[in-house]
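Here's data_18.txt, which has compact mmCIF, C-alpha atoms:
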```
# COMPACT_ATOMS: atom_id res chain seq x y z
CA MET A 1 0.00 0.00 0.00
CA ASN A 2 1.34 3.40 -0.96
CA TRP A 3 0.15 5.66 1.82
CA ALA A 4 -0.22 9.42 1.47
CA GLU A 5 2.55 11.41 3.10
CA SER A 6 0.21 12.65 5.83
CA THR A 7 -0.97 9.15 6.68
CA THR A 8 2.62 7.90 6.90
CA THR A 9 3.45 10.83 9.18
CA ILE A 10 0.48 10.07 11.42
CA MET A 11 1.28 6.35 11.61
CA ASP A 12 4.87 7.23 12.53
CA LEU A 13 3.50 9.54 15.19
CA VAL A 14 1.43 6.70 16.65
CA GLU A 15 4.50 4.46 16.82
CA GLN A 16 6.60 7.19 18.45
CA THR A 17 3.92 8.26 20.93
CA THR A 18 2.89 4.78 22.03
CA GLY A 19 6.24 3.01 21.69
CA LYS A 20 4.55 0.21 19.78
CA PRO A 21 4.56 -0.53 16.04
CA ILE A 22 1.51 -0.72 13.81
CA SER A 23 0.84 -4.09 12.26
CA LEU A 24 -1.08 -3.86 8.97
CA GLU A 25 -3.70 -6.46 8.10
CA ILE A 26 -6.11 -6.75 5.18
CA ASP A 27 -9.50 -8.30 5.88
CA PRO A 28 -12.02 -8.47 3.00
CA LYS A 29 -14.77 -9.37 5.47
CA LEU A 30 -14.23 -6.42 7.82
CA ALA A 31 -17.54 -4.72 8.65
CA ALA A 32 -15.96 -1.27 8.78
CA MET A 33 -13.71 0.06 6.04
CA ALA A 34 -10.78 0.29 8.46
CA LEU A 35 -10.15 0.10 12.18
CA VAL A 36 -7.29 0.19 14.61
CA VAL A 37 -7.18 -2.28 17.49
CA MET A 38 -5.03 -0.64 20.13
CA ALA A 39 -2.24 -2.67 21.68
CA ARG A 40 -2.69 -3.64 25.33
CA ALA A 41 0.09 -3.93 27.88
CA ASN A 42 0.85 -7.52 26.89
CA GLU A 43 0.45 -7.05 23.14
CA PRO A 44 3.35 -6.12 20.90
CA ALA A 45 1.60 -3.97 18.28
CA HIS A 46 -1.45 -1.96 17.30
CA ARG A 47 -3.41 -3.82 14.64
CA LEU A 48 -4.52 -1.69 11.71
CA VAL A 49 -7.07 -3.70 9.79
CA HIS A 50 -8.62 -2.53 6.53
CA ARG A 51 -10.61 -3.83 3.61
CA PRO A 52 -8.51 -4.40 0.48
CA SER A 53 -10.21 -1.76 -1.66
CA ALA A 54 -11.68 0.67 0.85
CA PRO A 55 -12.23 4.15 -0.58
CA ASN A 56 -10.53 7.04 1.21
CA LEU A 57 -8.24 4.63 3.02
CA ASP A 58 -5.58 7.24 3.81
CA TYR A 59 -8.10 9.39 5.59
CA LEU A 60 -9.77 6.46 7.36
CA VAL A 61 -6.47 5.21 8.72
CA ALA A 62 -5.44 8.71 9.78
CA PHE A 63 -8.78 9.12 11.56
CA GLN A 64 -8.42 5.81 13.39
CA CYS A 65 -4.87 6.69 14.38
CA GLY A 66 -6.28 9.90 15.86
CA PHE A 67 -8.11 7.89 18.52
CA VAL A 68 -4.90 6.08 19.50
CA LEU A 69 -2.95 9.33 19.65
CA ARG A 70 -5.56 11.12 21.77
CA LEU A 71 -5.67 8.24 24.23
CA TYR A 72 -1.89 8.00 24.54
CA GLU A 73 -1.51 11.75 24.89
CA CYS A 74 -3.22 11.32 28.26
CA VAL A 75 -1.06 10.17 31.16
CA SER A 76 -1.42 6.42 31.69
CA ALA A 77 -3.62 6.82 34.78
CA GLU A 78 -6.07 8.80 32.64
CA ARG A 79 -6.43 6.24 29.86
CA PHE A 80 -9.87 4.73 29.99
CA GLU A 81 -12.18 2.73 27.83
CA PHE A 82 -15.88 2.85 27.70
CA ALA A 83 -18.35 0.11 28.60
CA ALA A 84 -22.08 -0.34 29.13
CA SER A 85 -23.17 -0.25 32.76
CA SER A 86 -25.56 -2.79 34.24
CA THR A 87 -28.08 0.06 34.62
CA GLY A 88 -27.74 0.83 30.92
CA LYS A 89 -28.31 -2.79 29.95
CA ALA A 90 -31.31 -3.11 32.24
CA SER A 91 -32.79 0.20 31.08
CA VAL A 92 -32.61 -0.65 27.39
CA ARG A 93 -33.90 -4.16 27.94
CA THR A 94 -36.87 -2.68 29.78
CA LEU A 95 -37.48 -0.13 27.04
CA VAL A 96 -37.34 -2.77 24.34
CA THR A 97 -39.60 -5.24 26.11
CA GLU A 98 -42.21 -2.67 27.13
CA ALA A 99 -45.67 -3.60 25.99
CA GLY A 100 -46.76 -2.00 22.75
CA GLY A 101 -43.29 -1.72 21.26
CA GLU A 102 -42.73 -2.57 17.61
CA LEU A 103 -40.40 -5.44 18.49
CA GLN A 104 -43.16 -6.93 20.62
CA ARG A 105 -45.60 -6.63 17.76
CA MET A 106 -43.14 -8.43 15.49
CA GLY A 107 -43.46 -11.44 17.78
CA LEU A 108 -39.72 -12.07 18.09
CA PRO A 109 -38.60 -14.61 20.70
CA LYS A 110 -37.67 -12.95 23.99
CA ASP A 111 -33.99 -13.91 23.82
CA MET A 112 -33.75 -12.33 20.38
CA VAL A 113 -35.44 -9.16 21.63
CA LEU A 114 -32.93 -8.94 24.48
CA GLN A 115 -30.10 -9.45 22.01
CA VAL A 116 -31.46 -6.59 19.93
CA ALA A 117 -31.64 -4.47 23.10
CA ASP A 118 -27.98 -5.14 23.89
CA GLN A 119 -26.99 -4.30 20.32
CA MET A 120 -28.95 -1.07 20.42
CA LEU A 121 -27.20 -0.05 23.62
CA ALA A 122 -23.78 -1.00 22.26
CA GLY A 123 -24.42 1.01 19.10
CA LEU A 124 -25.58 4.07 20.99
CA LEU A 125 -22.61 3.96 23.36
CA THR A 126 -20.15 3.50 20.51
CA GLN A 127 -21.67 6.60 18.99
CA LEU A 128 -21.46 8.50 22.28
CA ARG A 129 -17.80 7.57 22.67
CA SER A 130 -16.73 8.10 19.08
CA VAL A 131 -18.70 11.06 17.71
CA PRO A 132 -17.54 13.89 20.00
CA ILE A 133 -13.94 12.68 20.14
CA GLY A 134 -14.14 11.97 16.43
CA MET A 135 -15.01 15.62 15.85
CA ARG A 136 -11.85 16.65 17.69
CA ILE A 137 -9.91 14.37 15.35
CA GLU A 138 -11.76 15.71 12.30
CA SER A 139 -10.80 19.27 13.26
CA TRP A 140 -7.18 18.29 13.80
CA LEU A 141 -6.92 16.48 10.47
CA TRP A 142 -8.67 19.30 8.60
CA GLU A 143 -6.39 21.95 10.05
CA THR A 144 -3.15 19.99 9.85
CA TYR A 145 -3.32 17.79 6.76
CA PRO A 146 -4.84 19.60 3.76
CA ASP A 147 -3.76 16.84 1.40
CA LEU A 148 -6.43 14.67 3.04
CA HIS A 149 -9.22 17.23 2.54
CA ALA A 150 -10.78 15.58 -0.51
CA GLN A 151 -10.88 12.17 1.16
CA GLN A 152 -12.13 13.69 4.40
CA LYS A 153 -14.99 15.54 2.69
CA ASP A 154 -15.98 12.45 0.77
CA CYS A 155 -15.80 10.17 3.77
CA VAL A 156 -17.63 12.47 6.16
CA GLY A 157 -20.27 13.11 3.49
CA ARG A 158 -20.81 9.37 3.03
CA GLN A 159 -21.19 8.93 6.78
CA LEU A 160 -23.63 11.81 7.09
CA ARG A 161 -25.73 10.64 4.15
CA ASP A 162 -25.83 7.21 5.73
CA ASN A 163 -26.80 8.68 9.11
CA THR A 164 -29.96 10.28 7.69
CA LYS A 165 -31.32 6.79 6.97
CA SER A 166 -31.93 6.29 10.68
CA LEU A 167 -34.36 9.23 10.77
CA GLY A 168 -36.96 7.26 8.81
CA PRO A 169 -40.32 6.33 10.31
CA GLN A 170 -39.64 2.58 10.18
CA ILE A 171 -36.52 2.96 12.31
CA ARG A 172 -38.32 5.35 14.64
CA ASP A 173 -41.18 2.89 15.12
CA MET A 174 -38.94 0.02 16.17
CA THR A 175 -36.47 2.00 18.28
CA PRO A 176 -37.18 3.04 21.89
CA GLY A 177 -37.57 6.81 22.18
CA PRO A 178 -34.44 7.60 24.21
CA ILE A 179 -32.26 5.59 21.80
CA TYR A 180 -33.82 7.07 18.67
CA SER A 181 -33.58 10.56 20.10
CA GLY A 182 -30.00 10.09 21.35
CA ASN A 183 -28.88 8.74 18.00
CA ALA A 184 -30.57 11.51 16.00
CA SER A 185 -29.31 14.25 18.34
CA MET A 186 -25.70 13.08 18.02
CA ASN A 187 -26.09 12.74 14.25
CA CYS A 188 -27.48 16.28 14.20
CA ALA A 189 -24.48 17.60 16.16
CA TYR A 190 -22.15 15.86 13.71
CA ALA A 191 -24.06 17.31 10.76
CA LEU A 192 -23.86 20.83 12.23
CA PHE A 193 -20.15 20.32 12.83
CA ALA A 194 -19.54 19.16 9.24
CA ASP A 195 -21.62 21.99 7.79
CA ARG A 196 -19.46 24.44 9.71
CA LEU A 197 -16.20 22.69 8.80
CA PHE A 198 -17.03 22.54 5.09
CA GLY A 199 -18.82 25.90 4.94
CA MET A 200 -22.06 24.58 3.47
CA PRO A 201 -25.32 24.24 5.47
CA LEU A 202 -26.41 20.96 3.89
CA TYR A 203 -26.33 18.01 6.24
CA ALA A 204 -28.19 19.55 9.20
CA VAL A 205 -31.33 20.24 7.15
CA PRO A 206 -32.96 16.84 7.82
CA TYR A 207 -32.43 17.16 11.57
CA ARG A 208 -33.72 20.73 11.71
CA SER A 209 -36.96 19.67 10.03
CA ALA A 210 -37.34 16.68 12.36
CA GLY A 211 -36.96 18.80 15.49
CA PHE A 212 -33.46 17.77 16.62
CA ILE A 213 -31.65 21.03 16.00
CA GLU A 214 -31.91 22.36 19.55
CA ARG A 215 -30.41 19.26 21.15
CA GLY A 216 -27.82 18.91 18.39
CA SER A 217 -26.78 22.54 18.84
CA LYS A 218 -26.40 22.02 22.59
CA LEU A 219 -24.10 19.06 21.98
CA LEU A 220 -22.02 21.08 19.54
CA LYS A 221 -21.80 23.93 22.05
CA LEU A 222 -20.49 21.51 24.68
CA LEU A 223 -17.79 20.50 22.20
CA ASP A 224 -16.95 24.15 21.54
CA ASP A 225 -16.95 25.18 25.19
CA LEU A 226 -14.71 22.44 26.57
CA PRO A 227 -10.94 22.57 26.06
CA GLY A 228 -9.92 20.56 23.01
CA ASP A 229 -6.98 18.66 24.48
CA PRO A 230 -7.23 14.87 24.91
CA ALA A 231 -7.21 15.14 28.72
CA HIS A 232 -10.74 16.55 28.42
CA ASP A 233 -12.10 13.82 26.15
CA ARG A 234 -13.72 11.89 28.99
CA LEU A 235 -15.30 15.06 30.30
CA LEU A 236 -16.66 15.78 26.84
CA VAL A 237 -18.24 12.34 26.54
CA ASP A 238 -19.65 12.68 30.07
CA ALA A 239 -21.14 16.06 29.16
CA TRP A 240 -22.80 14.63 26.06
CA GLY A 241 -24.04 11.67 28.09
CA GLU A 242 -25.58 14.01 30.63
CA GLU A 243 -27.22 16.17 27.97
CA LEU A 244 -28.73 13.04 26.42
CA GLY A 245 -29.85 11.57 29.75
CA LEU A 246 -27.50 8.60 29.39
CA SER A 247 -25.12 9.25 32.28
CA ASP A 248 -25.88 6.03 34.12
CA TRP A 249 -25.88 3.87 30.98
CA PHE A 250 -22.09 3.68 30.76
CA LYS A 251 -18.96 3.49 32.84
CA TRP A 252 -15.26 4.15 32.30
CA VAL A 253 -12.84 1.26 32.67
CA PRO A 254 -9.05 1.66 32.97
CA LEU A 255 -7.57 0.82 29.56
CA ASP A 256 -5.63 -2.31 30.40
CA ALA A 257 -8.41 -3.74 32.52
CA ALA A 258 -10.93 -3.31 29.72
CA ARG A 259 -10.34 -6.68 28.04
CA MET B 260 -19.14 17.39 -6.97
CA ILE B 261 -21.08 17.02 -3.73
CA GLU B 262 -23.23 13.92 -3.78
CA PRO B 263 -27.01 14.23 -3.53
CA LEU B 264 -28.62 13.94 -0.10
CA ASP B 265 -31.83 12.04 0.42
CA PHE B 266 -33.81 11.32 3.52
CA THR B 267 -37.24 10.30 4.72
CA ILE B 268 -38.98 11.47 7.88
CA GLY B 269 -42.37 10.56 9.25
CA VAL B 270 -44.97 13.11 8.25
CA ARG B 271 -45.79 13.58 11.94
CA ASP B 272 -42.09 13.94 12.79
CA PHE B 273 -41.81 17.15 10.79
CA ASP B 274 -41.62 20.04 13.25
CA PRO B 275 -44.86 21.94 12.52
CA TYR B 276 -43.57 25.10 14.20
CA LEU B 277 -41.25 25.58 11.24
CA LEU B 278 -44.30 26.26 9.09
CA PRO B 279 -46.73 29.20 8.94
CA GLU B 280 -49.49 28.82 11.50
CA ASP B 281 -52.19 28.24 8.90
CA SER B 282 -50.23 25.39 7.25
CA ARG B 283 -49.56 23.09 10.16
CA GLU B 284 -52.38 20.61 9.74
CA VAL B 285 -50.75 17.41 8.55
CA GLY B 286 -52.06 16.05 5.28
CA THR B 287 -53.63 19.26 3.99
CA GLU B 288 -52.56 20.82 0.72
CA ALA B 289 -51.40 23.89 2.63
CA PHE B 290 -49.16 21.69 4.77
CA LYS B 291 -47.62 20.01 1.72
CA GLN B 292 -46.98 23.31 -0.04
CA ALA B 293 -45.44 24.79 3.09
CA VAL B 294 -43.15 21.76 3.54
CA VAL B 295 -41.99 22.01 -0.08
CA ALA B 296 -41.32 25.74 0.37
CA TYR B 297 -39.51 25.08 3.65
CA TYR B 298 -37.04 22.62 2.12
CA ALA B 299 -36.53 24.80 -0.95
CA GLU B 300 -35.54 27.66 1.35
CA GLN B 301 -33.33 25.50 3.55
CA PHE B 302 -31.32 24.22 0.62
CA THR B 303 -31.05 27.60 -1.14
CA PRO B 304 -27.52 28.33 0.19
CA CYS B 305 -26.36 24.98 -1.24
CA GLY B 306 -27.69 25.66 -4.73
CA GLY B 307 -29.12 22.69 -6.58
CA GLN B 308 -32.70 21.61 -6.20
CA ALA B 309 -34.85 20.07 -3.47
CA ILE B 310 -37.35 17.50 -4.64
CA VAL B 311 -40.05 16.63 -2.09
CA ALA B 312 -42.56 13.80 -2.27
CA PHE B 313 -45.28 12.76 0.14
CA ALA B 314 -46.40 9.26 1.04
CA ALA B 315 -49.24 8.41 3.40
CA ASP B 316 -47.12 8.71 6.50
CA ALA B 317 -43.76 10.00 5.30
CA ILE B 318 -42.02 12.88 3.58
CA HIS B 319 -39.21 11.98 1.21
CA VAL B 320 -36.70 14.67 0.34
CA GLU B 321 -33.95 14.50 -2.25
CA TRP B 322 -31.52 17.35 -2.68
CA VAL B 323 -29.48 17.27 -5.86
CA PRO B 324 -26.59 19.60 -6.63
CA ASP B 325 -26.58 21.97 -9.61
CA GLU B 326 -24.76 19.45 -11.81
CA ILE B 327 -27.72 17.07 -11.52
CA ALA B 328 -30.60 19.49 -10.99
CA ASN B 329 -31.00 20.17 -14.72
CA ASP B 330 -31.69 16.52 -15.48
CA PRO B 331 -32.49 14.47 -12.37
CA LEU B 332 -34.15 11.77 -14.49
CA ASP B 333 -30.88 11.15 -16.31
CA TYR B 334 -29.15 10.93 -12.95
CA ALA B 335 -31.71 8.42 -11.65
CA ILE B 336 -31.12 6.26 -14.70
CA SER B 337 -27.35 6.49 -14.24
CA LEU B 338 -27.79 5.27 -10.66
CA LEU B 339 -29.74 2.26 -11.91
CA SER B 340 -27.06 1.60 -14.55
CA ASP B 341 -24.39 1.70 -11.85
CA GLY B 342 -26.24 -0.92 -9.84
CA LYS B 343 -27.41 1.55 -7.22
CA LEU B 344 -30.91 0.20 -7.51
CA ASP B 345 -32.27 1.43 -4.21
CA GLU B 346 -31.11 5.02 -4.70
CA GLY B 347 -32.14 5.11 -8.36
CA ALA B 348 -35.57 3.64 -7.71
CA THR B 349 -36.17 6.03 -4.81
CA LEU B 350 -35.34 9.04 -6.94
CA LEU B 351 -37.55 7.79 -9.77
CA ARG B 352 -40.43 7.38 -7.33
CA VAL B 353 -39.89 10.89 -6.00
CA LEU B 354 -39.75 12.37 -9.50
CA HIS B 355 -42.85 10.42 -10.52
CA SER B 356 -44.86 11.57 -7.51
CA ARG B 357 -44.18 15.26 -8.02
```
Target format structure tokens, applied to this file:
Amino acid sequence: MNWAESTTTIMDLVEQTTGKPISLEIDPKLAAMALVVMARANEPAHRLVHRPSAPNLDYLVAFQCGFVLRLYECVSAERFEFAASSTGKASVRTLVTEAGGELQRMGLPKDMVLQVADQMLAGLLTQLRSVPIGMRIESWLWETYPDLHAQQKDCVGRQLRDNTKSLGPQIRDMTPGPIYSGNASMNCAYALFADRLFGMPLYAVPYRSAGFIERGSKLLKLLDDLPGDPAHDRLLVDAWGEELGLSDWFKWVPLDAAR
Amino acid sequence: MIEPLDFTIGVRDFDPYLLPEDSREVGTEAFKQAVVAYYAEQFTPCGGQAIVAFAADAIHVEWVPDEIANDPLDYAISLLSDGKLDEGATLLRVLHSR
């Protein structure tokens, strides 16, 4: 793979900052286009896995590396991972199994409904962890690596166009209110952020018309008001969690105890 | 070129307070006209064209950039030719229902 100069620079930065090399792997069956699995204390390398022909691969890898860099720029005692809390699991399971819900009407077996509940929670928490910190990384890449601009615009645009699919009435009908609302509010904040970054008020239009602009704007303001250094990333996620009413749905786990 | 943006929201999920007071009753012709005007105004800074279609319980919106706005039918057919059947068929339905 011939990486762009910026991507090579960023991968070098990861290796220097973390003291561990990046091991490259190609996986045609990978669900995402690319991801970085961070090395743990007893692992020799960060694994950078990507699909063989992923579009915008330079940008995607740079973006993933951004998460590693932000984590390792915190002192080791401040490196945490994110996990669902037992309260979060119980809350979503209750929401999903409440009488009258679409999943109930579909007549799915109870164990499958609970599995869906756990997946919904995991998806929402992944979003809560990755969207606000991802915006910090987006800003950093945009300001620092102009040669990635075209890929960044394309990739962010794809993501935002994909995000609007979850506004549809079918998704709304089968998703518990707090999860639907949390997802749409975070997508709205991301859309507002991208519109500002790219100077074109396009992607927030769907969310404005569906009534999510106020919550999305509040989330973006939290991002703007908090210091942008990695030491404040946990605080940022906590602030978003509080705004969305999800504070007791997740917990922070010290990095090397997380797996 | 910026890619088109399409989305669907429930007709009752549209925030009625964005519309003139006399156009907020869902399903009326005044409501539909106001929704079309709302999206046209929202997308004005982006150029292009907003195409809005109504189903029984949903509003489908497709924004296309200037490069496509002159001939959205041709674009829909090119999507189908490229194997993007879902996107192409959706756009054709929207164009047909206008």
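Nearest to chain A of all the residues B:Leu339, B:Ala293, B:Ala312, B:Ala317 is B:Ala317, counting all atoms listed in the file.
As for atom CA of A:Glu138 and atom CA of A:Phe82, they are spaced 20.5 Å apart.
Counting only C-alpha atoms and comparing A:Pro176, A:Pro230, A:Pro169, A:Gly216, the residue that lies closest to chain B is A:Pro169.
Here atom CA of A:Trp142 stands at a distance of 19.6 Å from atom CA of A:Arg161.
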Could you list, as a ChimeraX atom specification, the residues of chain B having an atom within 6 Å of chain A when counting all atoms listed in the file? /B:266-269,272-274
If we count all atoms listed in the file, what is near stretch 63-80 of chain A at a cut-off of 9 Å, once residues fewer than 6 positions away on the same chain are taken out, given as a count of residues only? 33
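The residue set within 9 Å of A:Asp147, counting all atoms listed in the file and dropping same-chain residues fewer than 5 places from it, reads Ala4, Glu5 and Ser6 of chain A.
Using all atoms listed in the file, the protein and nucleic acid residues lying no more than 9 Å from B:Leu278, apart from those fewer than 2 places from it along its own chain, are Asp274, Pro275, Tyr276, Glu280, Asp281, Ser282, Arg283, Phe290, Ala293, Val294 and Tyr297 of chain B.
If you look at atom CA of B:Gln301 and atom CA of B:Ile318, they are 15.3 Å away from each other.
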Find the residues near B:His355: any atom within 12 Å, counting all atoms listed in the file, skip ones fewer than 2 places away on the same chain, and give them as a PyMOL selection string. chain B and resi 310-313+331-332+335+348-353+357
Neighbours of point (0.6, -7.8, 13.9) within 12 Å, using only C-alpha atoms, written as a ChimeraX atom specification: /A:20-26,36-39,43-49
